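Participant: Sharing a structure, written as structure tokens. Questions coming.
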Number of protein chains: 2
Amino acid sequence: MKYYAGIDLGGTNIASGIVDEQYRILGRGKLKTAVPRPAEELVADIAKTVRMAAEDAGIAFEQIEEVGMGLPGTADPIAGTLEYANNLFISDLPIRDMVQKELGLPVCIGNDASAAAVGEALAGAAKGYRDVIVVTLGTGIGGGMLLDGKLYEGFNYAAGEIGHMGVVVDGRPCTCGRRGCLETYCSATGLVTSTREAMERHPESVMWQLAGSLDQVSGRTAFDAMRRQDAAGTRVVEEYIRCLAYGIANVINICTPEVVVMGGGVSREGETLLEPLRRLTAREVYAKNPQRQTAIVCAQLGNDAGIIGAAFLREAMGLSREALGA
Amino acid sequence: MKYYAGIDLGGTNIASGIVDEQYRILGRGKLKTAVPRPAEELVADIAKTVRMAAEDAGIAFEQIEEVGMGLPGTADPIAGTLEYANNLFISDLPIRDMVQKELGLPVCIGNDASAAAVGEALAGAAKGYRDVIVVTLGTGIGGGMLLDGKLYEGFNYAAGEIGHMGVVVDGRPCTCGRRGCLETYCSATGLVTSTREAMERHPESVMWQLAGSLDQVSGRTAFDAMRRQDAAGTRVVEEYIRCLAYGIANVINICTPEVVVMGGGVSREGETLLEPLRRLTAREVYAKNPQRQTAIVCAQLGNDAGIIGAAFLREAMGLSREALGA
């Protein structure tokens with residue numbers, strides 16, 4: 001049996017896993033991302049989570065064949081550089097070589113949503129599909145694309161930034177510098193912002209009891225309030241899904257994948273999110289042939305998709321270890 | 001020498017050409033689209049333009065090898081059906097077989113913007129690029145994509161509908177049923193709407209002299225007014241380009257082609273449009289590596305791109321004549 005390490009570097013957590021050839025996670029390691037902080041500290045903690053995962057899996061660190069890392073931004077796998085990650089406050093960091101040096105193992109880097117797409121395509125909700133888009137609703141919104149079965153990141157490795165598709169010309173400011181990015185409305189962070197805004201307008205809302213205070217609002221607050229028939233919470237959820245459907249319809253009108261897989265924290269709402277999302281998106285999709293509509297499904301692997309996919313990133317990119325300077 | 005016929009069916013004109021193997025147009029035929037009207041009449045006029053083009057080229061009609069047709073909507077090249085074209089008021093029309101019967105020649109159908117993309121990639125501004133998006137600013141907005149050198153239309157032939165990417169959640173109503181589609185602001189039609197709105201707010205504007213009346217406003221009116229230092233006209237153009245940049249940045253953030261080719265009537269403004277478009281788009285693009293930015297260029301073939309590309313559509317799709325039932 002061969003063992004691989006997959007690292008999912010998010011805006012909130014560093015999550016690593018030891019993955020076997022059957023895409024099973026055998027052990028895990030996790031630490032807080034805690035950015036902004038010096039890159040050396042972040043890299044040391046990344047390496048630490050891999051050692052934790054090996055220990056948790058009960059394998060010797062030396063048994064790991066290679067390491068893959070999904071990063072929340074634009075990553076050049078050939079140069080090994082994290083070019084830009086708005087949520088990490090990082091740009092132009094030679095993170096591949098830094099982690100490689102720290103671990104003494106070959107490392108491949110890629111976009112985190114690309115990794116999640118690879119994971120869902122290998123072992124999850126997109127198994128068997130050739131044209132796949134995975135949208136992750138987390139701290140930000142990530143997008144990963146497989147076209148004709150291969151990871152598509154574009155000539156500059158920046159493709160699939162679905163979170164930075166603008167849907168409101170003069171909308172909310174985004175950390176990327178634009179206005180009205182889908183991420184500002186439909187990431188978990190965007191949902192929290194909308195929930196807080198609604199709470200301030202509605203002191204009578206049950207959301208105050210559910211959250212305790214504005215500081216403790218989460219991506220679940222409005223959904224939980226809706227389940228208790230709270231009018232303000234219900235409206236927050238409705239507006240959230242309406243905006244998300246608008247963005248997903250855009251992606252379908254441009255790329256028409258066979259399947260859109262919804263992942264990330266907010267997708268844990270399952271059919272509460274998916275059923276109205278499908279209904280609203282179907283209304284807005286340009287292609288009118290009902291036999292050939294893009295399926296919208298829930299991710300099956302949760303956060304594991306990013307770990308499993310990261311472990312097999314190099315393969316999905318069709319790159320040799322030599323191409324990565326390992 | 002082999003001869004091919006390419007047909008560009010637009011919302012306004014039916015334009016046909018006889019194209020040789022070196023992508024030269026040797027003769028042309030043109031009639032008004034004049035929709036809505038019965039499909040049989042439209043098809044008869046389409047066939048007529050091909051005969052006009054053969055006569056104009058000085059070749060016998062029998063010398064034409066095959067015919068390609070670019071359609072303003074979703075076209076299934078295998079079934080031969082125009083599934084949906086909002087600007088033609090047509091859906092589910094077996095147009096391939098209708099034209100084939102009328103002409104007695106093998107016909108291939110595809111999306112008109114796909115045809116324009118093929119034309120620009122074969123013989124125009126996108127020559128030598130592998131990942132290409134062509135955006136046509138005409139009656140509507142079309143989008144054609146080549147990825148890794150091949151036409152990409154998606155599993156349902158509806159990919160690249162860039163005009164039906166929403167950029168204002170509650171924006172202008174679109175003929176496709178959505179609101180705030182890029183097409184409603186940035187097609188020639190959208191520009192005319194914005195120009196008329198500005199004229200009604202600004203009776204002092206030179207646009208009234210340039211156009212004569214609201215009925216005679218064209219996509220050039222505001223640009224012409226800007227060239228005469230008219231404040232209202234300048235604002236219309238600025239807002240137009242700002243919205244277009246927002247949409248183009250979206251396309252780049254999702255698909256990151258190596259080049260975006262701007263075609264269609266409004267693109268005849270050339271650098272007056274392109275220079276500010278590049279500047280504004282660059283600010284909004286997520287990828288921050290200045291060495292690998294998507295180029296934004298003007299189409300070189302004008303309306304000929306759609307005719308030339310249509311003539312070679314089947315080849316760009318990688319389909320055999322047999323696959324098309326010819």
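Residue numbering restarts at 1 for every chain of the structure tokens, chains are lettered A, B, ... in their displayed order, and ligands are numbered from 1 as they appear.
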Which residues of chain B come within 6 Å of chain A, and for each one, what is the closest pair of atoms and their distance in Å to one decimal, counting only C-alpha atoms, sorted by chain and residue number, as a tab-separated table?
Facilitator:
residue	atom	partner	partner_atom	distance
B:Gly154	CA	A:Thr256	CA	5.5
B:Asn156	CA	A:Arg292	CA	5.9
B:Ala158	CA	A:Ala287	CA	5.7
B:Ala159	CA	A:Cys255	CA	4.9
B:Gly160	CA	A:Ile254	CA	4.3
B:Glu161	CA	A:Ile254	CA	5.2
B:Ile162	CA	A:Ile254	CA	5.7
B:Met165	CA	A:Asn250	CA	4.7
B:Val167	CA	A:Val167	CA	4.3
B:Val168	CA	A:Val168	CA	4.5
B:Val169	CA	A:Val168	CA	6.0
B:Arg178	CA	A:Glu284	CA	5.7
B:Asn250	CA	A:Met165	CA	4.7
B:Asn253	CA	A:Glu161	CA	5.2
B:Ile254	CA	A:Gly160	CA	4.3
B:Cys255	CA	A:Ala159	CA	4.9
B:Thr256	CA	A:Ala159	CA	5.1
B:Glu284	CA	A:Arg178	CA	5.7
B:Ala287	CA	A:Ala158	CA	5.7
B:Arg292	CA	A:Asn156	CA	5.9
Participant: Dump N, CA, C and O atoms for the selected residues as an mmCIF file, in the first residue's frame?
Facilitator:
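The new file selection26.cif reads:
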data_model
loop_
_atom_site.group_PDB
_atom_site.id
_atom_site.type_symbol
_atom_site.label_atom_id
_atom_site.label_comp_id
_atom_site.auth_asym_id
_atom_site.auth_seq_id
_atom_site.Cartn_x
_atom_site.Cartn_y
_atom_site.Cartn_z
ATOM 1 N N GLY B 154 -19.476 22.635 -24.553
ATOM 2 C CA GLY B 154 -20.087 21.957 -23.418
ATOM 3 C C GLY B 154 -20.963 20.790 -23.839
ATOM 4 O O GLY B 154 -21.270 20.627 -25.025
ATOM 5 N N ASN B 156 -23.992 20.275 -23.579
ATOM 6 C CA ASN B 156 -25.313 20.628 -24.127
ATOM 7 C C ASN B 156 -25.233 21.759 -25.154
ATOM 8 O O ASN B 156 -26.243 22.367 -25.480
ATOM 9 N N ALA B 158 -24.302 24.703 -25.021
ATOM 10 C CA ALA B 158 -24.757 26.024 -24.586
ATOM 11 C C ALA B 158 -23.658 26.806 -23.872
ATOM 12 O O ALA B 158 -23.918 27.863 -23.314
ATOM 13 N N ALA B 159 -22.428 26.297 -23.897
ATOM 14 C CA ALA B 159 -21.349 27.008 -23.200
ATOM 15 C C ALA B 159 -21.038 28.331 -23.889
ATOM 16 O O ALA B 159 -21.374 28.530 -25.049
ATOM 17 N N GLY B 160 -20.415 29.222 -23.140
ATOM 18 C CA GLY B 160 -19.951 30.484 -23.714
ATOM 19 C C GLY B 160 -21.019 31.539 -23.860
ATOM 20 O O GLY B 160 -20.814 32.528 -24.561
ATOM 21 N N GLU B 161 -22.161 31.374 -23.204
ATOM 22 C CA GLU B 161 -23.213 32.399 -23.303
ATOM 23 C C GLU B 161 -22.883 33.568 -22.368
ATOM 24 O O GLU B 161 -23.582 33.834 -21.389
ATOM 25 N N ILE B 162 -21.813 34.263 -22.731
ATOM 26 C CA ILE B 162 -21.287 35.334 -21.897
ATOM 27 C C ILE B 162 -22.279 36.484 -21.770
ATOM 28 O O ILE B 162 -22.343 37.159 -20.745
ATOM 29 N N MET B 165 -24.571 36.228 -18.727
ATOM 30 C CA MET B 165 -23.973 36.267 -17.401
ATOM 31 C C MET B 165 -24.563 37.502 -16.723
ATOM 32 O O MET B 165 -24.459 38.614 -17.239
ATOM 33 N N VAL B 167 -24.826 40.500 -14.227
ATOM 34 C CA VAL B 167 -23.873 41.344 -13.506
ATOM 35 C C VAL B 167 -24.563 42.337 -12.573
ATOM 36 O O VAL B 167 -23.908 43.059 -11.827
ATOM 37 N N VAL B 168 -25.887 42.361 -12.611
ATOM 38 C CA VAL B 168 -26.660 43.213 -11.703
ATOM 39 C C VAL B 168 -27.886 42.401 -11.282
ATOM 40 O O VAL B 168 -28.838 42.251 -12.057
ATOM 41 N N VAL B 169 -27.844 41.882 -10.025
ATOM 42 C CA VAL B 169 -28.877 40.930 -9.585
ATOM 43 C C VAL B 169 -30.293 41.387 -9.945
ATOM 44 O O VAL B 169 -31.073 40.614 -10.468
ATOM 45 N N ARG B 178 -33.911 36.424 -17.565
ATOM 46 C CA ARG B 178 -33.182 36.830 -16.360
ATOM 47 C C ARG B 178 -33.243 38.346 -16.196
ATOM 48 O O ARG B 178 -33.818 39.064 -17.021
ATOM 49 N N ASN B 250 -15.009 39.095 -15.068
ATOM 50 C CA ASN B 250 -15.672 37.853 -14.624
ATOM 51 C C ASN B 250 -15.248 36.671 -15.485
ATOM 52 O O ASN B 250 -14.906 35.602 -14.971
ATOM 53 N N ASN B 253 -11.740 35.771 -14.715
ATOM 54 C CA ASN B 253 -11.604 35.123 -13.405
ATOM 55 C C ASN B 253 -12.111 33.682 -13.412
ATOM 56 O O ASN B 253 -11.657 32.860 -12.622
ATOM 57 N N ILE B 254 -13.025 33.370 -14.304
ATOM 58 C CA ILE B 254 -13.544 31.997 -14.376
ATOM 59 C C ILE B 254 -12.743 31.144 -15.360
ATOM 60 O O ILE B 254 -12.338 30.043 -15.038
ATOM 61 N N CYS B 255 -12.500 31.670 -16.549
ATOM 62 C CA CYS B 255 -11.914 30.841 -17.623
ATOM 63 C C CYS B 255 -10.459 31.148 -17.951
ATOM 64 O O CYS B 255 -9.806 30.337 -18.608
ATOM 65 N N THR B 256 -9.948 32.297 -17.545
ATOM 66 C CA THR B 256 -8.590 32.742 -17.880
ATOM 67 C C THR B 256 -8.101 32.279 -19.251
ATOM 68 O O THR B 256 -7.146 31.519 -19.337
ATOM 69 N N GLU B 284 -9.522 44.636 -12.084
ATOM 70 C CA GLU B 284 -10.525 43.758 -11.491
ATOM 71 C C GLU B 284 -10.184 42.276 -11.607
ATOM 72 O O GLU B 284 -10.894 41.433 -11.079
ATOM 73 N N ALA B 287 -6.123 37.216 -10.874
ATOM 74 C CA ALA B 287 -4.718 36.809 -11.024
ATOM 75 C C ALA B 287 -3.836 38.050 -10.998
ATOM 76 O O ALA B 287 -4.078 38.999 -11.736
ATOM 77 N N ARG B 292 1.521 37.200 -16.761
ATOM 78 C CA ARG B 292 0.583 36.258 -17.379
ATOM 79 C C ARG B 292 -0.842 36.772 -17.333
ATOM 80 O O ARG B 292 -1.735 36.124 -16.811
#
Participant: Would you list the contacts of region 317-321 of chain A as a PyMOL selection string, taking every protein, DNA or RNA residue within 10 Å and counting only C-alpha atoms, but skipping same-chain residues closer than 6 positions in sequence?
Facilitator: chain A and resi 66+77-78+106-108+110+114+118+150-153
Participant: Between CA of Gly10 (chain B) and CA of Gly140 (chain B), measure the distance and give it in Å to one decimal.
Facilitator: 9.1 Å
Participant: Determine which residues of region 88-147 of chain A DSSP labels as helix (DSSP H, G or I) from the backbone of this structure, then write them out as a ChimeraX atom specification.
Facilitator: /A:95-103,112-123
Participant: For N, CA and C atoms, I'd like the residues from the last selection saved as a PDB file, in the first residue's frame.
Facilitator:
ATOM      1  N   ILE A  95       6.091  28.837  -1.590  1.00  0.00           N
ATOM      2  CA  ILE A  95       5.637  27.954  -0.518  1.00  0.00           C
ATOM      3  C   ILE A  95       5.956  26.483  -0.786  1.00  0.00           C
ATOM      4  N   ARG A  96       5.979  26.057  -2.050  1.00  0.00           N
ATOM      5  CA  ARG A  96       6.266  24.657  -2.378  1.00  0.00           C
ATOM      6  C   ARG A  96       7.642  24.263  -1.842  1.00  0.00           C
ATOM      7  N   ASP A  97       8.657  25.072  -2.190  1.00  0.00           N
ATOM      8  CA  ASP A  97      10.019  24.750  -1.755  1.00  0.00           C
ATOM      9  C   ASP A  97      10.180  24.881  -0.241  1.00  0.00           C
ATOM     10  N   MET A  98       9.482  25.825   0.358  1.00  0.00           N
ATOM     11  CA  MET A  98       9.552  25.997   1.813  1.00  0.00           C
ATOM     12  C   MET A  98       9.031  24.751   2.525  1.00  0.00           C
ATOM     13  N   VAL A  99       7.883  24.233   2.063  1.00  0.00           N
ATOM     14  CA  VAL A  99       7.301  23.047   2.692  1.00  0.00           C
ATOM     15  C   VAL A  99       8.144  21.813   2.373  1.00  0.00           C
ATOM     16  N   GLN A 100       8.642  21.742   1.132  1.00  0.00           N
ATOM     17  CA  GLN A 100       9.487  20.627   0.700  1.00  0.00           C
ATOM     18  C   GLN A 100      10.733  20.525   1.583  1.00  0.00           C
ATOM     19  N   LYS A 101      11.319  21.687   1.856  1.00  0.00           N
ATOM     20  CA  LYS A 101      12.527  21.744   2.687  1.00  0.00           C
ATOM     21  C   LYS A 101      12.212  21.298   4.121  1.00  0.00           C
ATOM     22  N   GLU A 102      11.101  21.771   4.615  1.00  0.00           N
ATOM     23  CA  GLU A 102      10.679  21.467   5.982  1.00  0.00           C
ATOM     24  C   GLU A 102      10.365  19.971   6.159  1.00  0.00           C
ATOM     25  N   LEU A 103       9.798  19.350   5.101  1.00  0.00           N
ATOM     26  CA  LEU A 103       9.360  17.949   5.205  1.00  0.00           C
ATOM     27  C   LEU A 103      10.350  16.954   4.623  1.00  0.00           C
ATOM     28  N   ASP A 112      -6.909  25.335  -3.834  1.00  0.00           N
ATOM     29  CA  ASP A 112      -7.657  24.458  -2.915  1.00  0.00           C
ATOM     30  C   ASP A 112      -8.976  23.964  -3.506  1.00  0.00           C
ATOM     31  N   ALA A 113      -9.614  24.818  -4.268  1.00  0.00           N
ATOM     32  CA  ALA A 113     -10.872  24.392  -4.878  1.00  0.00           C
ATOM     33  C   ALA A 113     -10.608  23.400  -6.003  1.00  0.00           C
ATOM     34  N   SER A 114      -9.466  23.551  -6.680  1.00  0.00           N
ATOM     35  CA  SER A 114      -9.070  22.539  -7.669  1.00  0.00           C
ATOM     36  C   SER A 114      -8.894  21.196  -6.972  1.00  0.00           C
ATOM     37  N   ALA A 115      -8.232  21.220  -5.817  1.00  0.00           N
ATOM     38  CA  ALA A 115      -8.022  19.993  -5.054  1.00  0.00           C
ATOM     39  C   ALA A 115      -9.359  19.374  -4.660  1.00  0.00           C
ATOM     40  N   ALA A 116     -10.292  20.199  -4.189  1.00  0.00           N
ATOM     41  CA  ALA A 116     -11.615  19.692  -3.807  1.00  0.00           C
ATOM     42  C   ALA A 116     -12.321  19.085  -5.019  1.00  0.00           C
ATOM     43  N   ALA A 117     -12.168  19.723  -6.182  1.00  0.00           N
ATOM     44  CA  ALA A 117     -12.795  19.196  -7.399  1.00  0.00           C
ATOM     45  C   ALA A 117     -12.205  17.833  -7.751  1.00  0.00           C
ATOM     46  N   VAL A 118     -10.893  17.709  -7.626  1.00  0.00           N
ATOM     47  CA  VAL A 118     -10.233  16.433  -7.904  1.00  0.00           C
ATOM     48  C   VAL A 118     -10.742  15.371  -6.927  1.00  0.00           C
ATOM     49  N   GLY A 119     -10.846  15.730  -5.657  1.00  0.00           N
ATOM     50  CA  GLY A 119     -11.334  14.798  -4.641  1.00  0.00           C
ATOM     51  C   GLY A 119     -12.749  14.317  -4.939  1.00  0.00           C
ATOM     52  N   GLU A 120     -13.663  15.239  -5.230  1.00  0.00           N
ATOM     53  CA  GLU A 120     -15.049  14.854  -5.521  1.00  0.00           C
ATOM     54  C   GLU A 120     -15.146  14.053  -6.818  1.00  0.00           C
ATOM     55  N   ALA A 121     -14.263  14.360  -7.787  1.00  0.00           N
ATOM     56  CA  ALA A 121     -14.288  13.621  -9.058  1.00  0.00           C
ATOM     57  C   ALA A 121     -13.715  12.210  -8.884  1.00  0.00           C
ATOM     58  N   LEU A 122     -12.708  12.067  -8.024  1.00  0.00           N
ATOM     59  CA  LEU A 122     -12.097  10.749  -7.811  1.00  0.00           C
ATOM     60  C   LEU A 122     -12.979   9.849  -6.952  1.00  0.00           C
ATOM     61  N   ALA A 123     -13.547  10.432  -5.911  1.00  0.00           N
ATOM     62  CA  ALA A 123     -14.146   9.575  -4.883  1.00  0.00           C
ATOM     63  C   ALA A 123     -15.475  10.083  -4.334  1.00  0.00           C
TER      64      ALA A 123
END
Participant: Might you pull out every residue within 7 Å of region 203-218 of chain A, with only C-alpha atoms counted and same-chain residues fewer than 6 positions away left off, and present them as a list in words?
Facilitator: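 Once the nearby chain positions are removed, what remains is Val192, Arg196, Ala225, Asp230, Ala232 and Gly233 of chain A.
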Participant: Between CA of Ile7 (chain B) and CA of Met262 (chain B), what is the distance, to one decimal in Å?
Facilitator: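 CA of Met262 (chain B) lies at a distance of 20.2 Å from CA of Ile7 (chain B).
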Participant: Using the chain letters and numbers from this document, which residues of region 39-145 of chain B does DSSP assign to strand (DSSP E or B), as a ChimeraX atom specification?
Facilitator: /B:64-71,74-76,81-85,90-93,107-111,132-137,141-145
Participant: For the atom pair CA of Met226 (chain A) and CA of Thr195 (chain A), what is the interatomic distance in Å to one decimal place?
Facilitator: 11.6 Å
Participant: Between A:Ala34, A:Leu9, A:Ala222, A:Ile25, single out the one closest to Gly70 (chain A), counting only C-alpha atoms.
Facilitator: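 Nearest to Gly70 (chain A): A:Leu9.
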Participant: With a distance cut-off of 6 Å and only C-alpha atoms, select the neighbouring residues of Thr139 (chain A), excluding the residue or stretch itself and same-chain residues fewer than 3 positions from it, and output the selection as a list in words.
Facilitator: Ser187, Ala188 and Thr189 of chain A
Participant: For the residues selected in the previous step, produce a file with N, CA and C atoms as a PDB file, in the first residue's frame.
Facilitator:
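What landed in selection-v4.pdb:
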ATOM      1  N   SER A 187     -20.306  33.496   0.331  1.00  0.00           N
ATOM      2  CA  SER A 187     -19.410  32.711   1.179  1.00  0.00           C
ATOM      3  C   SER A 187     -20.049  32.638   2.563  1.00  0.00           C
ATOM      4  N   ALA A 188     -19.519  31.784   3.429  1.00  0.00           N
ATOM      5  CA  ALA A 188     -20.007  31.758   4.806  1.00  0.00           C
ATOM      6  C   ALA A 188     -19.845  33.150   5.425  1.00  0.00           C
ATOM      7  N   THR A 189     -18.742  33.809   5.122  1.00  0.00           N
ATOM      8  CA  THR A 189     -18.481  35.163   5.621  1.00  0.00           C
ATOM      9  C   THR A 189     -19.548  36.135   5.125  1.00  0.00           C
TER      10      THR A 189
END
